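Chemist: File input.tsv follows (TSV, C-alpha atoms):
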chain	number	residue	atom	x	y	z
Q	140	MET	CA	104.85	113.25	47.89
Q	141	GLU	CA	104.82	111.30	51.14
Q	142	LYS	CA	103.56	107.77	50.64
Q	143	ARG	CA	100.63	106.71	52.77
Q	144	ARG	CA	100.99	103.72	55.10
Q	145	VAL	CA	98.85	100.63	54.53
Q	146	VAL	CA	97.82	98.08	57.15
Q	147	ILE	CA	95.94	94.77	57.24
Q	148	THR	CA	92.75	94.99	59.31
Q	149	GLY	CA	90.81	91.88	58.25
Q	150	LEU	CA	91.51	88.29	57.18
Q	151	GLY	CA	89.36	85.54	55.68
Q	152	THR	CA	89.99	82.13	54.15
Q	153	VAL	CA	88.49	78.89	52.92
Q	154	ASN	CA	91.22	76.35	52.12
Q	155	PRO	CA	92.10	72.66	52.48
Q	156	THR	CA	93.26	73.12	56.09
Q	157	GLY	CA	90.10	74.85	57.30
Q	158	ASN	CA	87.03	76.87	56.31
Q	159	THR	CA	87.77	79.89	58.53
Q	160	VAL	CA	90.92	81.72	59.54
Q	161	ALA	CA	90.82	80.35	63.09
Q	162	GLU	CA	90.28	76.76	61.95
Q	163	SER	CA	92.90	76.95	59.22
Q	164	TRP	CA	95.60	78.69	61.24
Q	165	ALA	CA	95.17	76.22	64.10
Q	166	ALA	CA	95.63	73.33	61.65
Q	167	VAL	CA	98.71	74.98	60.12
Q	168	ARG	CA	100.22	75.45	63.57
Q	169	ARG	CA	99.62	71.74	64.22
Q	170	GLY	CA	101.28	70.89	60.90
Q	171	GLU	CA	98.25	69.12	59.45
Q	172	CYS	CA	98.20	68.08	55.81
Q	173	GLY	CA	95.13	68.93	53.73
Q	174	VAL	CA	95.95	66.45	50.95
Q	175	GLY	CA	93.75	63.39	50.40
Q	176	PRO	CA	91.99	61.27	47.76
Q	177	ILE	CA	90.04	63.23	45.14
Q	178	THR	CA	86.30	63.10	45.83
Q	179	HIS	CA	85.05	65.62	43.24
Q	180	TYR	CA	85.07	63.00	40.47
Q	181	ASP	CA	85.94	59.36	39.75
Q	182	THR	CA	89.72	58.94	39.37
Q	183	THR	CA	89.64	55.27	38.35
Q	184	ASN	CA	91.21	55.99	34.96
Q	185	SER	CA	93.38	58.90	36.13
Q	186	LYS	CA	97.08	58.88	37.02
Q	187	VAL	CA	96.57	61.51	39.73
Q	188	LYS	CA	94.49	60.31	42.66
Q	189	LEU	CA	95.22	63.01	45.25
Q	190	ALA	CA	94.37	66.68	45.66
Q	191	ALA	CA	93.99	69.22	48.45
Q	192	GLU	CA	90.22	69.70	48.49
Q	193	VAL	CA	88.23	72.05	50.69
Q	194	LYS	CA	86.28	69.85	53.12
Q	195	ASN	CA	82.72	70.15	54.43
Q	196	PHE	CA	82.07	73.50	52.79
Q	197	ASP	CA	78.36	74.30	52.63
Q	198	PRO	CA	77.89	77.56	50.70
Q	199	ALA	CA	74.34	77.89	52.09
Q	200	GLU	CA	75.85	78.50	55.53
Q	201	ARG	CA	77.81	81.52	54.27
Q	202	ILE	CA	75.90	82.81	51.21
Q	203	ASP	CA	72.23	83.29	50.35
Q	204	LYS	CA	71.10	79.98	48.82
Q	205	ARG	CA	69.61	81.54	45.69
Q	206	GLU	CA	72.72	83.60	45.04
Q	207	ALA	CA	75.05	80.66	45.70
Q	208	ARG	CA	73.35	78.65	42.93
Q	209	LYS	CA	74.46	81.33	40.46
Q	210	MET	CA	78.09	81.06	41.54
Q	211	ALA	CA	80.79	78.61	40.54
Q	212	ARG	CA	82.68	77.07	43.45
Q	213	PHE	CA	85.65	79.44	43.12
Q	214	THR	CA	83.31	82.41	43.52
Q	215	GLN	CA	81.57	80.84	46.51
Q	216	PHE	CA	84.96	80.50	48.18
Q	217	ALA	CA	85.81	84.12	47.41
Q	218	VAL	CA	82.53	85.50	48.73
Q	219	ALA	CA	82.73	83.39	51.90
Q	220	ALA	CA	86.34	84.39	52.61
Q	221	ALA	CA	85.64	88.04	51.80
Q	222	ALA	CA	82.64	88.07	54.15
Q	223	GLU	CA	84.85	86.70	56.94
Q	224	ALA	CA	87.54	89.32	56.24
Q	225	MET	CA	85.03	92.19	56.15
Q	226	ALA	CA	83.45	91.06	59.42
Q	227	ASP	CA	86.88	90.56	60.98
Q	228	ALA	CA	87.79	94.12	60.02
Q	229	GLY	CA	84.59	95.40	61.64
Q	230	ILE	CA	83.51	97.34	58.56
Q	231	ASP	CA	80.18	99.13	58.57
Q	232	MET	CA	79.48	100.08	54.96
Q	233	GLU	CA	76.97	102.71	56.09
Q	234	GLN	CA	79.91	104.51	57.69
Q	235	THR	CA	82.33	103.82	54.81
Q	236	ASP	CA	82.87	105.64	51.50
Q	237	ALA	CA	82.09	102.87	49.01
Q	238	ASN	CA	83.62	104.94	46.18
Q	239	ARG	CA	87.03	104.66	47.86
Q	240	PHE	CA	86.89	100.91	48.55
Q	241	ALA	CA	88.63	98.70	45.94
Q	242	THR	CA	88.09	95.03	45.11
Q	243	ILE	CA	91.11	93.21	43.64
Q	244	ILE	CA	90.70	89.43	43.54
Q	245	SER	CA	92.63	87.02	41.35
Q	246	SER	CA	91.69	83.71	39.80
Q	247	GLY	CA	93.95	81.85	37.42
Q	248	ILE	CA	91.36	79.71	35.64
Q	249	GLY	CA	87.92	80.80	36.87
Q	250	GLY	CA	85.00	78.41	36.61
Q	251	LEU	CA	86.62	75.56	34.70
Q	252	PRO	CA	84.36	72.86	36.21
Q	253	THR	CA	81.34	74.93	35.16
Q	254	ILE	CA	82.71	75.06	31.61
Q	255	GLU	CA	83.12	71.29	31.62
Q	256	GLU	CA	79.61	70.69	32.98
Q	257	GLU	CA	77.90	73.06	30.58
Q	258	HIS	CA	79.84	71.73	27.60
Q	259	ALA	CA	78.72	68.19	28.45
Q	260	LYS	CA	75.15	69.43	28.78
Q	261	GLY	CA	75.38	71.25	25.45
Q	262	GLU	CA	76.59	68.18	23.62
Q	263	VAL	CA	73.50	66.30	24.78
Q	264	LYS	CA	70.78	68.98	24.68
Q	265	GLY	CA	72.25	71.47	22.21
Q	266	PHE	CA	74.35	74.46	23.09
Q	267	ASP	CA	71.42	76.86	23.04
Q	268	LYS	CA	70.19	75.02	26.14
Q	269	VAL	CA	73.18	75.68	28.38
Q	270	SER	CA	72.56	77.69	31.55
Q	271	PRO	CA	71.96	81.42	31.09
Q	272	PHE	CA	74.35	81.82	34.03
Q	273	PHE	CA	77.12	79.87	32.27
Q	274	VAL	CA	79.15	82.89	31.15
Q	275	PRO	CA	78.79	85.02	34.30
Q	276	MET	CA	79.54	81.95	36.42
Q	277	SER	CA	82.71	80.92	34.61
Q	278	ILE	CA	84.58	84.14	33.77
Q	279	ALA	CA	87.64	84.67	35.97
Q	280	ASN	CA	86.75	88.23	37.03
Q	281	ILE	CA	83.34	87.30	38.43
Q	282	ALA	CA	84.64	86.52	41.93
Q	283	ALA	CA	85.79	90.12	42.22
Q	284	GLY	CA	82.51	91.31	40.74
Q	285	GLN	CA	80.38	89.24	43.10
Q	286	VAL	CA	82.32	90.40	46.16
Q	287	ALA	CA	81.93	94.03	45.09
Q	288	ILE	CA	78.20	93.51	44.54
Q	289	ARG	CA	77.79	91.74	47.88
Q	290	PHE	CA	79.26	94.67	49.83
Q	291	GLY	CA	78.51	97.58	47.49
Q	292	LEU	CA	82.18	98.39	46.86
Q	293	LYS	CA	82.47	101.02	44.12
Q	294	GLY	CA	86.19	101.71	43.88
Q	295	MET	CA	88.43	99.98	41.36
Q	296	CYS	CA	87.30	96.38	40.81
Q	297	THR	CA	89.65	94.13	38.90
Q	298	SER	CA	91.06	90.61	38.67
Q	299	PRO	CA	94.77	90.01	37.99
Q	300	VAL	CA	94.96	86.82	35.90
Q	301	THR	CA	98.63	85.98	36.26
Q	302	ALA	CA	98.39	82.25	36.97
Q	303	CYS	CA	99.99	81.30	40.28
Q	304	ALA	CA	101.27	84.82	40.93
Q	305	GLY	CA	97.78	86.34	40.81
Q	306	GLY	CA	96.86	86.34	44.49
Q	307	THR	CA	100.09	88.13	45.40
Q	308	ASN	CA	99.66	90.57	42.52
Q	309	ALA	CA	96.20	91.36	43.90
Q	310	ILE	CA	97.60	92.18	47.36
Q	311	GLY	CA	100.43	94.24	45.90
Q	312	ASP	CA	98.18	96.12	43.49
Q	313	ALA	CA	95.74	96.92	46.31
Q	314	PHE	CA	98.63	98.09	48.50
Q	315	HIS	CA	99.86	100.50	45.84
Q	316	ARG	CA	96.33	101.77	45.11
Q	317	ILE	CA	95.88	102.73	48.75
Q	318	ARG	CA	99.43	103.93	49.32
Q	319	ASP	CA	99.20	106.27	46.33
Q	320	GLY	CA	95.84	107.70	47.34
Q	321	TYR	CA	93.40	106.20	44.84
Q	322	GLU	CA	91.41	104.36	47.53
Q	323	ASP	CA	91.39	104.20	51.31
Q	324	MET	CA	90.43	100.52	51.64
Q	325	ALA	CA	90.52	97.32	49.59
Q	326	ILE	CA	89.48	93.70	49.79
Q	327	CYS	CA	92.12	91.66	47.97
Q	328	GLY	CA	93.45	88.15	47.50
Q	329	GLY	CA	92.84	85.14	45.30
Q	330	THR	CA	90.51	82.21	44.74
Q	331	GLU	CA	90.51	78.99	42.73
Q	332	SER	CA	88.64	75.74	42.29
Q	333	CYS	CA	89.53	73.59	39.32
Q	334	ILE	CA	89.92	70.09	40.78
Q	335	SER	CA	88.07	68.59	37.83
Q	336	PRO	CA	88.83	65.97	35.17
Q	337	LEU	CA	89.99	68.56	32.66
Q	338	GLY	CA	91.85	70.74	35.12
Q	339	VAL	CA	93.76	67.90	36.75
Q	340	GLY	CA	94.17	66.11	33.43
Q	341	GLY	CA	95.80	69.14	31.85
Q	342	PHE	CA	98.38	69.47	34.61
Q	343	THR	CA	98.90	65.68	34.59
Q	344	SER	CA	99.66	65.57	30.87
Q	345	MET	CA	102.36	68.22	31.28
Q	346	LYS	CA	103.85	66.16	34.14
Q	347	ALA	CA	103.41	68.98	36.67
Q	348	LEU	CA	101.58	66.93	39.34
Q	349	ASN	CA	102.85	64.36	41.80
Q	350	THR	CA	101.33	60.96	41.01
Q	351	THR	CA	101.98	59.27	44.36
Q	352	GLU	CA	99.00	57.83	46.24
Q	353	ASP	CA	100.59	58.55	49.64
Q	354	PRO	CA	99.24	61.87	50.99
Q	355	ALA	CA	102.23	62.21	53.30
Q	356	ARG	CA	104.67	62.15	50.35
Q	357	ALA	CA	102.63	64.11	47.82
Q	358	SER	CA	103.15	67.82	48.52
Q	359	ILE	CA	106.76	67.86	49.69
Q	360	PRO	CA	108.44	71.14	48.67
Q	361	PHE	CA	112.24	71.26	48.78
Q	362	ASP	CA	112.47	67.48	49.41
Q	363	ALA	CA	114.83	65.53	47.13
Q	364	GLU	CA	112.00	63.07	46.39
Q	365	ARG	CA	109.52	65.74	45.26
Q	366	GLY	CA	107.78	64.86	42.03
Q	367	GLY	CA	105.43	67.73	41.24
Q	368	PHE	CA	102.79	69.78	43.00
Q	369	VAL	CA	99.44	68.78	44.45
Q	370	ILE	CA	96.53	70.81	43.13
Q	371	GLY	CA	94.46	72.56	45.77
Q	372	GLU	CA	91.45	74.85	45.98
Q	373	GLY	CA	90.23	77.68	48.16
Q	374	ALA	CA	90.49	81.41	48.74
Q	375	GLY	CA	92.38	83.87	50.93
Q	376	MET	CA	91.26	87.49	51.43
Q	377	LEU	CA	92.78	90.48	53.19
Q	378	VAL	CA	91.27	93.87	54.01
Q	379	LEU	CA	93.90	96.56	53.45
Q	380	GLU	CA	93.40	100.05	54.81
Q	381	GLU	CA	95.19	103.38	54.96
Q	382	LEU	CA	96.70	103.66	58.43
Q	383	GLY	CA	94.98	106.88	59.51
Q	384	HIS	CA	91.63	105.58	58.27
Q	385	ALA	CA	92.08	102.38	60.29
Q	386	GLN	CA	93.15	104.23	63.42
Q	387	ALA	CA	90.27	106.70	63.17
Q	388	ARG	CA	87.75	103.89	63.43
Q	389	GLY	CA	89.68	101.95	66.06
Q	390	ALA	CA	90.42	98.95	63.88
Q	391	LYS	CA	92.68	96.16	65.05
Q	392	ILE	CA	95.79	95.77	62.91
Q	393	TYR	CA	97.49	92.49	62.01
Q	394	ALA	CA	100.52	93.79	60.12
Q	395	GLU	CA	101.65	96.52	57.76
Q	396	VAL	CA	102.20	96.08	54.02
Q	397	VAL	CA	105.39	97.91	53.08
Q	398	GLY	CA	106.72	96.64	49.74
Q	399	TYR	CA	105.67	95.13	46.42
Q	400	GLY	CA	107.62	93.92	43.41
Q	401	ALA	CA	106.42	92.36	40.15
Q	402	THR	CA	108.47	91.18	37.18
Q	403	CYS	CA	108.34	88.92	34.14
Q	404	ASP	CA	110.85	86.24	33.18
Q	405	ALA	CA	110.11	86.66	29.44
Q	406	HIS	CA	111.67	83.21	29.16
Q	407	HIS	CA	109.26	80.25	28.83
Q	408	ILE	CA	105.54	79.50	29.08
Q	409	THR	CA	105.94	77.19	32.10
Q	410	ALA	CA	109.60	76.90	33.18
Q	411	PRO	CA	111.09	79.61	35.39
Q	412	ALA	CA	114.09	81.60	34.20
Q	413	PRO	CA	117.46	79.98	34.98
Q	414	ASN	CA	118.45	80.33	38.64
Q	415	GLY	CA	115.15	82.04	39.38
Q	416	GLU	CA	116.38	85.32	37.93
Q	417	GLY	CA	112.92	86.83	37.48
Q	418	GLY	CA	111.79	85.82	40.95
Q	419	ALA	CA	114.97	87.29	42.40
Q	420	ARG	CA	114.26	90.64	40.72
Q	421	SER	CA	110.72	90.71	42.12
Q	422	MET	CA	112.06	90.07	45.65
Q	423	ALA	CA	114.70	92.78	45.25
Q	424	LEU	CA	112.10	95.25	43.95
Q	425	ALA	CA	109.75	94.55	46.86
Q	426	ILE	CA	112.55	95.02	49.39
Q	427	ALA	CA	113.60	98.28	47.72
Q	428	ASP	CA	109.96	99.44	47.63
Q	429	ALA	CA	109.80	98.81	51.38
Q	430	GLY	CA	112.91	100.94	51.92
Q	431	ILE	CA	114.71	98.21	53.84
Q	432	GLN	CA	117.74	95.97	53.40
Q	433	PRO	CA	117.62	92.24	52.49
Q	434	SER	CA	119.10	91.48	55.91
Q	435	ASP	CA	115.96	92.93	57.54
Q	436	ILE	CA	113.81	90.05	56.26
Q	437	GLY	CA	113.43	87.29	58.85
Q	438	TYR	CA	110.95	84.93	57.19
Q	439	ILE	CA	109.90	84.00	53.66
Q	440	ASN	CA	106.63	82.25	52.85
Q	441	ALA	CA	108.01	80.67	49.71
Q	442	HIS	CA	106.21	79.76	46.51
Q	443	GLY	CA	107.59	76.26	47.18
Q	444	THR	CA	105.44	74.16	44.87
Q	445	GLY	CA	107.25	70.84	45.06
Q	446	THR	CA	108.41	70.80	41.44
Q	447	HIS	CA	112.11	70.36	40.79
Q	448	LEU	CA	112.50	73.52	38.70
Q	449	ASN	CA	110.58	75.79	41.06
Q	450	ASP	CA	112.17	74.73	44.32
Q	451	SER	CA	115.75	74.74	43.07
Q	452	GLY	CA	115.22	77.99	41.13
Q	453	GLU	CA	113.52	79.71	44.06
Q	454	THR	CA	116.32	78.65	46.39
Q	455	ALA	CA	118.85	80.09	43.94
Q	456	ALA	CA	116.83	83.31	43.75
Q	457	ILE	CA	116.83	83.68	47.54
Q	458	LYS	CA	120.59	83.18	47.63
Q	459	ALA	CA	121.08	85.75	44.86
Q	460	VAL	CA	119.06	88.40	46.70
Q	461	PHE	CA	120.08	87.71	50.29
Q	462	GLY	CA	123.66	86.47	49.99
Q	463	GLU	CA	124.96	85.03	53.26
Q	464	HIS	CA	121.77	86.19	55.02
Q	465	ALA	CA	119.91	83.51	53.03
Q	466	TYR	CA	121.29	80.96	55.49
Q	467	LYS	CA	120.14	82.98	58.52
Q	468	LEU	CA	116.52	83.63	57.58
Q	469	HIS	CA	113.68	81.13	57.87
Q	470	VAL	CA	111.86	79.86	54.78
Q	471	SER	CA	108.81	77.62	54.57
Q	472	SER	CA	106.21	76.47	52.09
Q	473	THR	CA	102.70	76.24	53.49
Q	474	LYS	CA	101.79	74.48	50.23
Q	475	SER	CA	103.08	71.40	52.04
Q	476	MET	CA	99.77	71.62	53.93
Q	477	THR	CA	97.39	73.36	51.53
Q	478	GLY	CA	98.61	72.06	48.19
Q	479	HIS	CA	98.92	74.59	45.37
Q	480	LEU	CA	95.86	76.83	45.05
Q	481	LEU	CA	97.07	78.38	41.76
Q	482	GLY	CA	95.49	81.86	41.55
Q	483	GLY	CA	94.32	81.49	45.15
Q	484	ALA	CA	97.76	80.63	46.54
Q	485	GLY	CA	99.07	84.15	47.10
Q	486	GLY	CA	95.90	85.17	48.94
Q	487	VAL	CA	96.03	82.28	51.39
Q	488	GLU	CA	99.77	82.67	51.85
Q	489	GLY	CA	99.27	86.38	52.46
Q	490	VAL	CA	96.86	85.50	55.27
Q	491	PHE	CA	99.38	83.07	56.76
Q	492	THR	CA	102.26	85.54	56.49
Q	493	ALA	CA	100.29	88.27	58.26
Q	494	LEU	CA	99.40	85.81	61.01
Q	495	ALA	CA	103.02	84.65	61.28
Q	496	LEU	CA	104.03	88.21	62.18
Q	497	HIS	CA	101.00	88.89	64.38
Q	498	ASP	CA	101.17	85.63	66.35
Q	499	ARG	CA	104.97	85.33	66.39
Q	500	TYR	CA	104.81	81.89	64.82
Q	501	LEU	CA	106.55	80.76	61.63
Q	502	PRO	CA	104.81	77.75	60.02
Q	503	ALA	CA	106.64	74.59	59.01
Q	504	THR	CA	107.31	72.88	55.71
Q	505	ILE	CA	105.79	69.53	56.64
Q	506	GLY	CA	106.82	66.30	54.96
Q	507	LEU	CA	110.38	67.43	54.30
Q	508	LYS	CA	112.36	64.26	55.00
Q	509	VAL	CA	115.08	63.85	52.36
Q	510	PRO	CA	117.55	66.74	52.02
Q	511	ASP	CA	118.33	68.04	48.52
Q	512	PRO	CA	121.82	69.54	48.00
Q	513	GLU	CA	120.24	72.16	45.70
Q	514	CYS	CA	117.82	73.17	48.45
Q	515	ASP	CA	120.00	73.83	51.47
Q	516	LEU	CA	118.29	76.70	53.34
Q	517	ASP	CA	116.37	76.58	56.63
Q	518	TYR	CA	112.93	75.47	55.40
Q	519	LEU	CA	111.61	74.83	58.94
Q	520	PRO	CA	111.22	71.11	58.23
Q	521	ASN	CA	108.23	69.47	59.93
Q	522	GLN	CA	108.16	71.82	62.91
Q	523	GLY	CA	107.11	75.47	63.07
Q	524	LEU	CA	108.98	78.01	65.12
Q	525	GLU	CA	107.82	80.38	67.86
Q	526	GLU	CA	109.80	83.43	66.84
Q	527	GLN	CA	109.19	87.13	66.28
Q	528	VAL	CA	110.57	88.65	63.09
Q	529	GLU	CA	110.23	92.27	61.99
Q	530	TYR	CA	109.72	91.71	58.27
Q	531	ALA	CA	108.37	88.80	56.26
Q	532	LEU	CA	108.19	88.26	52.52
Q	533	SER	CA	105.65	86.25	50.51
Q	534	ASP	CA	106.45	85.46	46.90
Q	535	SER	CA	104.54	83.79	44.06
Q	536	LEU	CA	105.72	82.64	40.64
Q	537	GLY	CA	103.35	81.80	37.79
Q	538	PHE	CA	103.22	80.14	34.39
Q	539	GLY	CA	103.95	82.70	31.71
Q	540	GLY	CA	106.90	84.00	33.71
Q	541	HIS	CA	104.89	86.12	36.17
Q	542	ASN	CA	106.61	86.90	39.48
Q	543	ALA	CA	105.15	88.81	42.42
Q	544	CYS	CA	106.40	89.53	45.91
Q	545	VAL	CA	104.96	91.39	48.91
Q	546	VAL	CA	106.77	92.49	52.08
Q	547	PHE	CA	104.92	92.67	55.41
Q	548	LYS	CA	106.10	94.41	58.58
Q	549	ARG	CA	105.26	93.49	62.17
Q	550	TRP	CA	102.76	95.91	63.64
Q	551	GLU	CA	103.66	97.53	66.94
Q	552	GLY	CA	100.29	98.76	68.17
Could you quickly redo this structure as structure tokens?
Modeler:
Amino acid sequence: MEKRRVVITGLGTVNPTGNTVAESWAAVRRGECGVGPITHYDTTNSKVKLAAEVKNFDPAERIDKREARKMARFTQFAVAAAAEAMADAGIDMEQTDANRFATIISSGIGGLPTIEEEHAKGEVKGFDKVSPFFVPMSIANIAAGQVAIRFGLKGMCTSPVTACAGGTNAIGDAFHRIRDGYEDMAICGGTESCISPLGVGGFTSMKALNTTEDPARASIPFDAERGGFVIGEGAGMLVLEELGHAQARGAKIYAEVVGYGATCDAHHITAPAPNGEGGARSMALAIADAGIQPSDIGYINAHGTGTHLNDSGETAAIKAVFGEHAYKLHVSSTKSMTGHLLGGAGGVEGVFTALALHDRYLPATIGLKVPDPECDLDYLPNQGLEEQVEYALSDSLGFGGHNACVVFKRWEG
């Protein structure tokens, strides 16, 4: 059976570099860092003082005020970004078959701050007095559910919970659903907001976060002085559509989705497999799924978290898959600007990768000052590159050994 072609027709985001696609992409092109002092809570007694927070986000400007009060922050981000992506795609639901429109949105942790707040309330007032919206606000799948409700989308609605790989799994799963004929359209991506005492404290205690108080030296993927990731928040959403369906309604097209690979390390709960073996297999599977050669890839939006194990392992994985071509392609980590959005990372990075192809601009890895012998590829340090590539790859690697990779192709419209 001939596989259907799938294109990207809408983009939306709320993230630490900007609250819309235009605002965020402009900041990324300028190489602006979204990291700063934590404002969500008092960090006086905390080792970690910095995070990549979303700034000046007023949900009432994007969501009905009554509905927004029933949503945790991660869901507000998802609904706002999804609304932008749907509008960008020019979708009229009265002219669209809702039964063939999927919703696949990841979150790694869901409404953790809501859990903390309601637990504190319960300890004081009794647990029978917690909010009746506590459960539907905090469960990880509710962002997908709320987006589907908002737009009346009645195709498959699901939430991949695969830690930091989730947003990329969501894009890949949506791609395969459309390619194989189950749906014609999908809204997909990831969302997260857990910059809270418990969320940050948990990552701090496992020594995953950078404890510097200098924002310029906090999220520094592939730098020899890296000391952990910087936690971020936000959402990234993409509208995927079967090519003929998109063309029939005259939709603009950003890029084509052509390959998807997902694997498991089956190695350790947090550490990647030695030499990034699992990540390498997911890249190889995505490239094979796209029907291309490794040498066709011109740019990789890397997972690039800023932890020693990830960055060295991911570099080794790229070398294993691409051989000598690894030194010819361009690699960057936009987490140097956004921080690590956990389950939202793959969604935002999917948006950036599509724009990199569409706008012929490859974003930088800012803050990369001190070379690491283990990380010796072209990471586009500190300065993006005006260059057209035909194929780009975005990969995400999560706790639990989850690996996901998506391949995008430049659209020639």
Chemist: Could you check the closest approach to Ser344 of chain Q for each of Q:His497, Q:Lys186, Q:Arg143, Q:Arg316 and tell me which residue wins, using all atoms listed in the file?
Modeler: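 Ranked by minimum distance to Ser344 of chain Q, first place goes to Q:Lys186.
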Chemist: Counting all atoms listed in the file, which residues in segment 354-403 of chain Q sit no more than 12 Å from segment 225-248 of chain Q? For each one, give the nearest pair of atoms and the distance in Å, sorted by chain then residue number, as a tab-separated table.
Modeler:
residue	atom	partner	partner_atom	distance
Q:Glu372	CA	Q:Ser246	CA	10.8
Q:Gly373	CA	Q:Ser246	CA	10.4
Q:Ala374	CA	Q:Ser246	CA	9.3
Q:Gly375	CA	Q:Ile244	CA	9.4
Q:Met376	CA	Q:Ile244	CA	8.1
Q:Leu377	CA	Q:Met225	CA	8.5
Q:Val378	CA	Q:Met225	CA	6.8
Q:Leu379	CA	Q:Ala228	CA	9.3
Q:Glu380	CA	Q:Phe240	CA	9.1
Q:Glu381	CA	Q:Phe240	CA	10.8
Q:His384	CA	Q:Thr235	CA	10.1
Q:Ala385	CA	Q:Ala228	CA	9.3
Q:Gln386	CA	Q:Ala228	CA	11.9
Q:Ala387	CA	Q:Thr235	CA	11.9
Q:Arg388	CA	Q:Ile230	CA	9.2
Q:Gly389	CA	Q:Gly229	CA	9.4
Q:Ala390	CA	Q:Ala228	CA	6.7
Q:Lys391	CA	Q:Ala228	CA	7.3
Q:Ile392	CA	Q:Ala228	CA	8.7
Q:Tyr393	CA	Q:Ala228	CA	10.0
Chemist: Rounded to one decimal, what separation in Å do you get between atom CA of Ser298 of chain Q and atom CA of Asn280 of chain Q?
Modeler: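 Answer for the atom CA of Ser298 of chain Q to atom CA of Asn280 of chain Q separation: 5.2 Å.
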Chemist: Mind checking which residues fall within 10 Å of Gly478 of chain Q, counting all atoms listed in the file, ignoring those fewer than 6 positions away in the same chain, and posting them as a list of chain:residue names?
Modeler: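 What passes the distance filter is Q:Asn154, Q:Pro155, Q:Thr156, Q:Cys172, Q:Gly173, Q:Val174, Q:Ala190, Q:Ala191, Q:Glu192, Q:Ala357, Q:Ser358, Q:Ile359, Q:Pro360, Q:Phe368, Q:Val369, Q:Ile370, Q:Gly371, Q:Glu372, Q:Gly443, Q:Thr444, Q:Gly445, Q:Ser472, Q:Ala484.
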Chemist: In terms of the shortest atom-to-atom distance over all atoms listed in the file, which of Q:Gly452, Q:Ala161, Q:Asp517, Q:Asp498 is closest to Ala465 of chain Q?
Modeler: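 The answer is Q:Asp517, which sits nearest to Ala465 of chain Q.
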Chemist: Residues proximal to (103.4, 103.1, 46.4) were defined as those with any atom within 12 Å of that point in the file's coordinates, counting all atoms listed in the file. Which are they, as a list in words?
Modeler: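 Looking at atoms near the point gives Met140, Glu141, Lys142, Arg143, Arg144, Val145, Gly311, Asp312, Ala313, Phe314, His315, Arg316, Ile317, Arg318, Asp319, Gly320, Tyr321, Glu381, Val396, Val397, Gly398, Tyr399, Gly400, Leu424, Ala425, Ala427, Asp428, Ala429 and Gly430 of chain Q.
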Chemist: Counting only C-alpha atoms, what is within 12 Å of Ile439 of chain Q, bar same-chain residues fewer than 3 positions away, as an MDAnalysis selection string?
Modeler: chainID Q and resid 422 433 435:436 442:443 453:454 457 461 465:473 488:489 491:493 495:496 501:504 516:519 528:535 544:547
Chemist: May I have the residues from that selection written out with C-alpha atoms, as an mmCIF file, in the coordinates of the input?
Modeler:
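Final output, saved to part_36.cif:
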data_model
loop_
_atom_site.group_PDB
_atom_site.id
_atom_site.type_symbol
_atom_site.label_atom_id
_atom_site.label_comp_id
_atom_site.auth_asym_id
_atom_site.auth_seq_id
_atom_site.Cartn_x
_atom_site.Cartn_y
_atom_site.Cartn_z
ATOM 1 C CA MET Q 422 112.060 90.070 45.650
ATOM 2 C CA PRO Q 433 117.620 92.240 52.490
ATOM 3 C CA ASP Q 435 115.960 92.930 57.540
ATOM 4 C CA ILE Q 436 113.810 90.050 56.260
ATOM 5 C CA HIS Q 442 106.210 79.760 46.510
ATOM 6 C CA GLY Q 443 107.590 76.260 47.180
ATOM 7 C CA GLU Q 453 113.520 79.710 44.060
ATOM 8 C CA THR Q 454 116.320 78.650 46.390
ATOM 9 C CA ILE Q 457 116.830 83.680 47.540
ATOM 10 C CA PHE Q 461 120.080 87.710 50.290
ATOM 11 C CA ALA Q 465 119.910 83.510 53.030
ATOM 12 C CA TYR Q 466 121.290 80.960 55.490
ATOM 13 C CA LYS Q 467 120.140 82.980 58.520
ATOM 14 C CA LEU Q 468 116.520 83.630 57.580
ATOM 15 C CA HIS Q 469 113.680 81.130 57.870
ATOM 16 C CA VAL Q 470 111.860 79.860 54.780
ATOM 17 C CA SER Q 471 108.810 77.620 54.570
ATOM 18 C CA SER Q 472 106.210 76.470 52.090
ATOM 19 C CA THR Q 473 102.700 76.240 53.490
ATOM 20 C CA GLU Q 488 99.770 82.670 51.850
ATOM 21 C CA GLY Q 489 99.270 86.380 52.460
ATOM 22 C CA PHE Q 491 99.380 83.070 56.760
ATOM 23 C CA THR Q 492 102.260 85.540 56.490
ATOM 24 C CA ALA Q 493 100.290 88.270 58.260
ATOM 25 C CA ALA Q 495 103.020 84.650 61.280
ATOM 26 C CA LEU Q 496 104.030 88.210 62.180
ATOM 27 C CA LEU Q 501 106.550 80.760 61.630
ATOM 28 C CA PRO Q 502 104.810 77.750 60.020
ATOM 29 C CA ALA Q 503 106.640 74.590 59.010
ATOM 30 C CA THR Q 504 107.310 72.880 55.710
ATOM 31 C CA LEU Q 516 118.290 76.700 53.340
ATOM 32 C CA ASP Q 517 116.370 76.580 56.630
ATOM 33 C CA TYR Q 518 112.930 75.470 55.400
ATOM 34 C CA LEU Q 519 111.610 74.830 58.940
ATOM 35 C CA VAL Q 528 110.570 88.650 63.090
ATOM 36 C CA GLU Q 529 110.230 92.270 61.990
ATOM 37 C CA TYR Q 530 109.720 91.710 58.270
ATOM 38 C CA ALA Q 531 108.370 88.800 56.260
ATOM 39 C CA LEU Q 532 108.190 88.260 52.520
ATOM 40 C CA SER Q 533 105.650 86.250 50.510
ATOM 41 C CA ASP Q 534 106.450 85.460 46.900
ATOM 42 C CA SER Q 535 104.540 83.790 44.060
ATOM 43 C CA CYS Q 544 106.400 89.530 45.910
ATOM 44 C CA VAL Q 545 104.960 91.390 48.910
ATOM 45 C CA VAL Q 546 106.770 92.490 52.080
ATOM 46 C CA PHE Q 547 104.920 92.670 55.410
#
